[in-house]
$ cat final_13.cif   # mmCIF, N, CA and C atoms and all ligand atoms
data_query
loop_
_atom_site.label_atom_id
_atom_site.label_comp_id
_atom_site.auth_asym_id
_atom_site.auth_seq_id
_atom_site.Cartn_x
_atom_site.Cartn_y
_atom_site.Cartn_z
N MET A 281 -4.45 13.80 -6.48
CA MET A 281 -4.97 12.51 -6.02
C MET A 281 -4.16 11.38 -6.64
N GLU A 282 -4.08 10.31 -5.91
CA GLU A 282 -3.45 9.11 -6.45
C GLU A 282 -4.44 7.97 -6.41
N ARG A 283 -4.19 6.95 -7.22
CA ARG A 283 -5.05 5.79 -7.22
C ARG A 283 -4.27 4.62 -6.65
N GLY A 284 -4.88 3.91 -5.73
CA GLY A 284 -4.21 2.77 -5.14
C GLY A 284 -5.22 1.70 -4.81
N ARG A 285 -4.70 0.59 -4.28
CA ARG A 285 -5.58 -0.51 -3.92
C ARG A 285 -5.60 -0.62 -2.41
N CYS A 286 -6.80 -0.70 -1.85
CA CYS A 286 -6.94 -0.76 -0.41
C CYS A 286 -6.28 -2.04 0.12
N TYR A 287 -5.47 -1.87 1.15
CA TYR A 287 -4.81 -3.03 1.77
C TYR A 287 -5.83 -4.05 2.26
N ALA A 288 -6.94 -3.57 2.80
CA ALA A 288 -7.87 -4.46 3.47
C ALA A 288 -8.85 -5.13 2.51
N CYS A 289 -9.53 -4.35 1.67
CA CYS A 289 -10.60 -4.93 0.85
C CYS A 289 -10.19 -5.08 -0.61
N ARG A 290 -9.00 -4.62 -0.97
CA ARG A 290 -8.46 -4.77 -2.32
C ARG A 290 -9.18 -3.91 -3.35
N ARG A 291 -10.07 -3.03 -2.89
CA ARG A 291 -10.78 -2.17 -3.81
C ARG A 291 -9.85 -1.05 -4.25
N GLU A 292 -9.90 -0.69 -5.54
CA GLU A 292 -9.13 0.46 -6.00
C GLU A 292 -9.88 1.72 -5.63
N PHE A 293 -9.15 2.70 -5.15
CA PHE A 293 -9.78 3.97 -4.80
C PHE A 293 -8.79 5.10 -4.96
N ASP A 294 -9.34 6.30 -5.14
CA ASP A 294 -8.51 7.49 -5.26
C ASP A 294 -8.31 8.09 -3.88
N TYR A 295 -7.09 8.52 -3.62
CA TYR A 295 -6.83 9.08 -2.31
C TYR A 295 -5.85 10.24 -2.40
N ASP A 296 -5.91 11.06 -1.38
CA ASP A 296 -4.97 12.16 -1.24
C ASP A 296 -3.83 11.66 -0.37
N PRO A 297 -2.62 11.58 -0.92
CA PRO A 297 -1.50 11.03 -0.13
C PRO A 297 -1.28 11.74 1.19
N ALA A 298 -1.66 13.00 1.27
CA ALA A 298 -1.46 13.76 2.50
C ALA A 298 -2.53 13.44 3.54
N ASP A 299 -3.58 12.78 3.11
CA ASP A 299 -4.75 12.65 3.96
C ASP A 299 -5.12 11.19 4.24
N VAL A 300 -4.62 10.28 3.42
CA VAL A 300 -5.06 8.89 3.50
C VAL A 300 -4.45 8.19 4.72
N THR A 301 -5.16 7.19 5.24
CA THR A 301 -4.61 6.35 6.29
C THR A 301 -3.73 5.28 5.64
N MET A 302 -2.47 5.21 6.11
CA MET A 302 -1.57 4.20 5.58
C MET A 302 -1.36 3.12 6.63
N PHE A 303 -1.17 1.92 6.15
CA PHE A 303 -1.01 0.78 7.03
C PHE A 303 0.36 0.17 6.73
N LEU A 304 1.17 0.00 7.75
CA LEU A 304 2.48 -0.58 7.54
C LEU A 304 2.35 -2.11 7.48
N VAL A 305 2.76 -2.69 6.35
CA VAL A 305 2.55 -4.11 6.12
C VAL A 305 3.87 -4.79 5.77
N ASP A 306 4.13 -5.88 6.46
CA ASP A 306 5.31 -6.70 6.17
C ASP A 306 5.03 -7.50 4.90
N ARG A 307 5.83 -7.25 3.87
CA ARG A 307 5.57 -7.92 2.58
C ARG A 307 5.74 -9.42 2.66
N ALA A 308 6.48 -9.92 3.66
CA ALA A 308 6.70 -11.36 3.77
C ALA A 308 5.45 -12.07 4.30
N THR A 309 4.66 -11.38 5.11
CA THR A 309 3.50 -12.02 5.72
C THR A 309 2.18 -11.39 5.30
N GLY A 310 2.23 -10.18 4.74
CA GLY A 310 1.00 -9.49 4.39
C GLY A 310 0.29 -8.91 5.60
N LEU A 311 0.97 -8.88 6.72
CA LEU A 311 0.40 -8.37 7.96
C LEU A 311 1.31 -7.28 8.51
N PRO A 312 0.76 -6.45 9.40
CA PRO A 312 1.63 -5.47 10.06
C PRO A 312 2.75 -6.19 10.80
N PRO A 313 3.94 -5.60 10.87
CA PRO A 313 5.11 -6.29 11.41
C PRO A 313 4.96 -6.72 12.87
N GLY A 314 4.04 -6.16 13.60
CA GLY A 314 3.88 -6.54 15.00
C GLY A 314 2.77 -7.54 15.25
N ILE A 315 2.18 -8.08 14.19
CA ILE A 315 1.04 -9.00 14.36
C ILE A 315 1.34 -10.33 13.67
N THR A 316 1.04 -11.42 14.35
CA THR A 316 1.27 -12.74 13.77
C THR A 316 0.07 -13.15 12.92
N VAL A 317 0.21 -14.21 12.17
CA VAL A 317 -0.90 -14.70 11.36
C VAL A 317 -2.08 -15.12 12.25
N ALA A 318 -1.81 -15.43 13.50
CA ALA A 318 -2.88 -15.80 14.42
C ALA A 318 -3.58 -14.57 15.00
N GLY A 319 -3.09 -13.39 14.65
CA GLY A 319 -3.72 -12.17 15.12
C GLY A 319 -3.23 -11.71 16.47
N THR A 320 -2.23 -12.39 16.99
CA THR A 320 -1.69 -11.99 18.29
C THR A 320 -0.52 -11.02 18.10
N LEU A 321 -0.23 -10.28 19.11
CA LEU A 321 0.85 -9.31 19.03
C LEU A 321 2.18 -9.96 19.35
N ARG A 322 3.21 -9.43 18.73
CA ARG A 322 4.57 -9.86 19.03
C ARG A 322 5.46 -8.65 18.77
N PRO A 323 6.65 -8.65 19.35
CA PRO A 323 7.55 -7.53 19.06
C PRO A 323 7.91 -7.51 17.58
N ALA A 324 7.84 -6.35 16.96
CA ALA A 324 8.22 -6.22 15.56
C ALA A 324 9.74 -6.23 15.46
N THR A 325 10.26 -7.15 14.67
CA THR A 325 11.72 -7.20 14.51
C THR A 325 12.17 -6.12 13.54
N PRO A 326 13.39 -5.66 13.68
CA PRO A 326 13.91 -4.65 12.73
C PRO A 326 13.85 -5.15 11.30
N GLU A 327 14.07 -6.46 11.11
CA GLU A 327 14.02 -7.03 9.76
C GLU A 327 12.61 -6.90 9.18
N ALA A 328 11.61 -7.18 10.02
CA ALA A 328 10.22 -7.11 9.55
C ALA A 328 9.85 -5.67 9.20
N VAL A 329 10.29 -4.73 10.03
CA VAL A 329 9.99 -3.33 9.77
C VAL A 329 10.70 -2.87 8.49
N ALA A 330 11.93 -3.33 8.31
CA ALA A 330 12.73 -2.89 7.17
C ALA A 330 12.11 -3.33 5.85
N ARG A 331 11.45 -4.49 5.84
CA ARG A 331 10.87 -4.96 4.58
C ARG A 331 9.40 -4.58 4.46
N SER A 332 8.90 -3.81 5.40
CA SER A 332 7.50 -3.42 5.37
C SER A 332 7.30 -2.20 4.48
N VAL A 333 6.11 -2.13 3.94
CA VAL A 333 5.75 -1.00 3.09
C VAL A 333 4.45 -0.41 3.61
N ASP A 334 4.26 0.89 3.32
CA ASP A 334 3.02 1.55 3.67
C ASP A 334 2.00 1.34 2.56
N LEU A 335 0.85 0.82 2.91
CA LEU A 335 -0.22 0.63 1.93
C LEU A 335 -1.44 1.45 2.36
N PRO A 336 -2.14 2.03 1.39
CA PRO A 336 -3.31 2.85 1.74
C PRO A 336 -4.50 1.99 2.14
N VAL A 337 -5.32 2.52 3.01
CA VAL A 337 -6.56 1.86 3.41
C VAL A 337 -7.71 2.80 3.08
N CYS A 338 -8.76 2.26 2.43
CA CYS A 338 -9.87 3.11 1.99
C CYS A 338 -10.71 3.57 3.17
N PRO A 339 -11.44 4.67 2.99
CA PRO A 339 -12.24 5.23 4.11
C PRO A 339 -13.23 4.23 4.69
N ASP A 340 -13.79 3.36 3.88
CA ASP A 340 -14.75 2.37 4.39
C ASP A 340 -14.08 1.47 5.42
N CYS A 341 -12.88 1.03 5.11
CA CYS A 341 -12.17 0.12 6.01
C CYS A 341 -11.66 0.85 7.24
N VAL A 342 -11.27 2.12 7.07
CA VAL A 342 -10.87 2.92 8.22
C VAL A 342 -12.06 3.05 9.17
N ASP A 343 -13.23 3.27 8.60
CA ASP A 343 -14.45 3.40 9.40
C ASP A 343 -14.73 2.11 10.16
N LYS A 344 -14.59 0.98 9.49
CA LYS A 344 -14.79 -0.32 10.14
C LYS A 344 -13.81 -0.50 11.30
N ALA A 345 -12.56 -0.17 11.05
CA ALA A 345 -11.54 -0.35 12.08
C ALA A 345 -11.84 0.52 13.29
N GLU A 346 -12.30 1.75 13.03
CA GLU A 346 -12.59 2.66 14.14
C GLU A 346 -13.78 2.19 14.95
N ARG A 347 -14.69 1.45 14.32
CA ARG A 347 -15.85 0.93 15.04
C ARG A 347 -15.58 -0.44 15.65
N GLY A 348 -14.33 -0.92 15.50
CA GLY A 348 -13.96 -2.19 16.10
C GLY A 348 -14.43 -3.38 15.30
N LEU A 349 -14.87 -3.16 14.06
CA LEU A 349 -15.30 -4.27 13.23
C LEU A 349 -14.10 -4.92 12.57
N PRO A 350 -14.22 -6.19 12.25
CA PRO A 350 -13.09 -6.86 11.61
C PRO A 350 -12.81 -6.27 10.24
N PHE A 351 -11.57 -6.07 9.97
CA PHE A 351 -11.17 -5.65 8.63
C PHE A 351 -9.80 -6.21 8.37
N GLY A 352 -9.46 -6.31 7.13
CA GLY A 352 -8.16 -6.84 6.77
C GLY A 352 -8.30 -7.67 5.53
N PRO A 353 -7.20 -8.18 5.02
CA PRO A 353 -7.27 -8.99 3.81
C PRO A 353 -8.08 -10.25 4.08
N THR A 354 -9.10 -10.45 3.31
CA THR A 354 -9.92 -11.64 3.47
C THR A 354 -10.00 -12.36 2.15
N THR A 355 -10.21 -13.65 2.21
CA THR A 355 -10.32 -14.42 0.98
C THR A 355 -11.78 -14.77 0.70
N GLY A 356 -12.68 -14.27 1.49
CA GLY A 356 -14.09 -14.55 1.28
C GLY A 356 -14.90 -14.18 2.49
N GLY A 357 -16.21 -14.36 2.38
CA GLY A 357 -17.10 -14.11 3.48
C GLY A 357 -17.10 -12.68 3.88
ZN ZN B 401 -11.00 -1.04 1.91
#
$ encode --input "final_13.cif" --output "structure tokens" --more "lines below"
Ligand SMILES: [Zn+2]
Amino acid sequence: MERGRCYACRREFDYDPADVTMFLVDRATGLPPGITVAGTLRPATPEAVARSVDLPVCPDCVDKAERGLPFGPTTGG
């Protein structure tokens, strides 16, 4: 098991690297390379993909995403 911080809720959690859901995040924007800060889709540029990293997402947030609930980095509320 490894310990990491959830991309979405920032909670630290233990995960199995072979089993965890990873989220590709552009380090320049903190968002997936194909999504703008406004939440709209755009073509992911090779530059954005190249600087992106895979971050783990905890099971709670995966569950929210699968149910269509909002999830992602939030500053409150
Ligand atoms: Zn989470």
$ closest_atom_pairs --input "final_13.cif" --of "chain A" --to "ligand ZN 401 (chain B)" --cutoff "6.5 Å" --atoms "all atoms listed in the file" --output "JSON lines"
{"residue": "A:Cys286", "atom": "CA", "partner": "B:ZN401", "partner_atom": "ZN", "distance": 4.7}
{"residue": "A:Tyr287", "atom": "N", "partner": "B:ZN401", "partner_atom": "ZN", "distance": 5.6}
{"residue": "A:Ala288", "atom": "C", "partner": "B:ZN401", "partner_atom": "ZN", "distance": 4.7}
{"residue": "A:Cys289", "atom": "N", "partner": "B:ZN401", "partner_atom": "ZN", "distance": 3.6}
{"residue": "A:Arg290", "atom": "N", "partner": "B:ZN401", "partner_atom": "ZN", "distance": 5.0}
{"residue": "A:Arg291", "atom": "N", "partner": "B:ZN401", "partner_atom": "ZN", "distance": 5.3}
{"residue": "A:Val337", "atom": "C", "partner": "B:ZN401", "partner_atom": "ZN", "distance": 5.2}
{"residue": "A:Cys338", "atom": "N", "partner": "B:ZN401", "partner_atom": "ZN", "distance": 4.0}
{"residue": "A:Pro339", "atom": "N", "partner": "B:ZN401", "partner_atom": "ZN", "distance": 5.8}
{"residue": "A:Asp340", "atom": "C", "partner": "B:ZN401", "partner_atom": "ZN", "distance": 5.3}
{"residue": "A:Cys341", "atom": "N", "partner": "B:ZN401", "partner_atom": "ZN", "distance": 4.2}
{"residue": "A:Val342", "atom": "N", "partner": "B:ZN401", "partner_atom": "ZN", "distance": 6.1}
$ closest_residue --input "final_13.cif" --among "A:Ala328, A:Pro350, A:Ile315, A:Glu282" --to "Pro297 in chain A" --atoms "all atoms listed in the file"
A:Glu282
$ atom_distance --input "final_13.cif" --atom1 "atom N of Pro323 in chain A" --atom2 "atom N of Arg347 in chain A"
24.1 Å
$ atom_distance --input "final_13.cif" --atom1 "atom N of Met302 in chain A" --atom2 "atom N of Leu335 in chain A"
6.4 Å
$ atom_distance --input "final_13.cif" --atom1 "atom C of Arg285 in chain A" --atom2 "atom C of Ala298 in chain A"
15.6 Å
$ select_by_dssp --input "final_13.cif" --residues "chain A" --states "strand (DSSP E or B)" --output "PyMOL selection string"
chain A and resi 282-285+292-295+301-306+311+315+321+332-337
$ residues_around --input "final_13.cif" --residues "Ser332 in chain A" --least-positions-apart "5" --cutoff "7 Å" --atoms "all atoms listed in the file" --output "PyMOL selection string"
chain A and resi 304-308+313+327
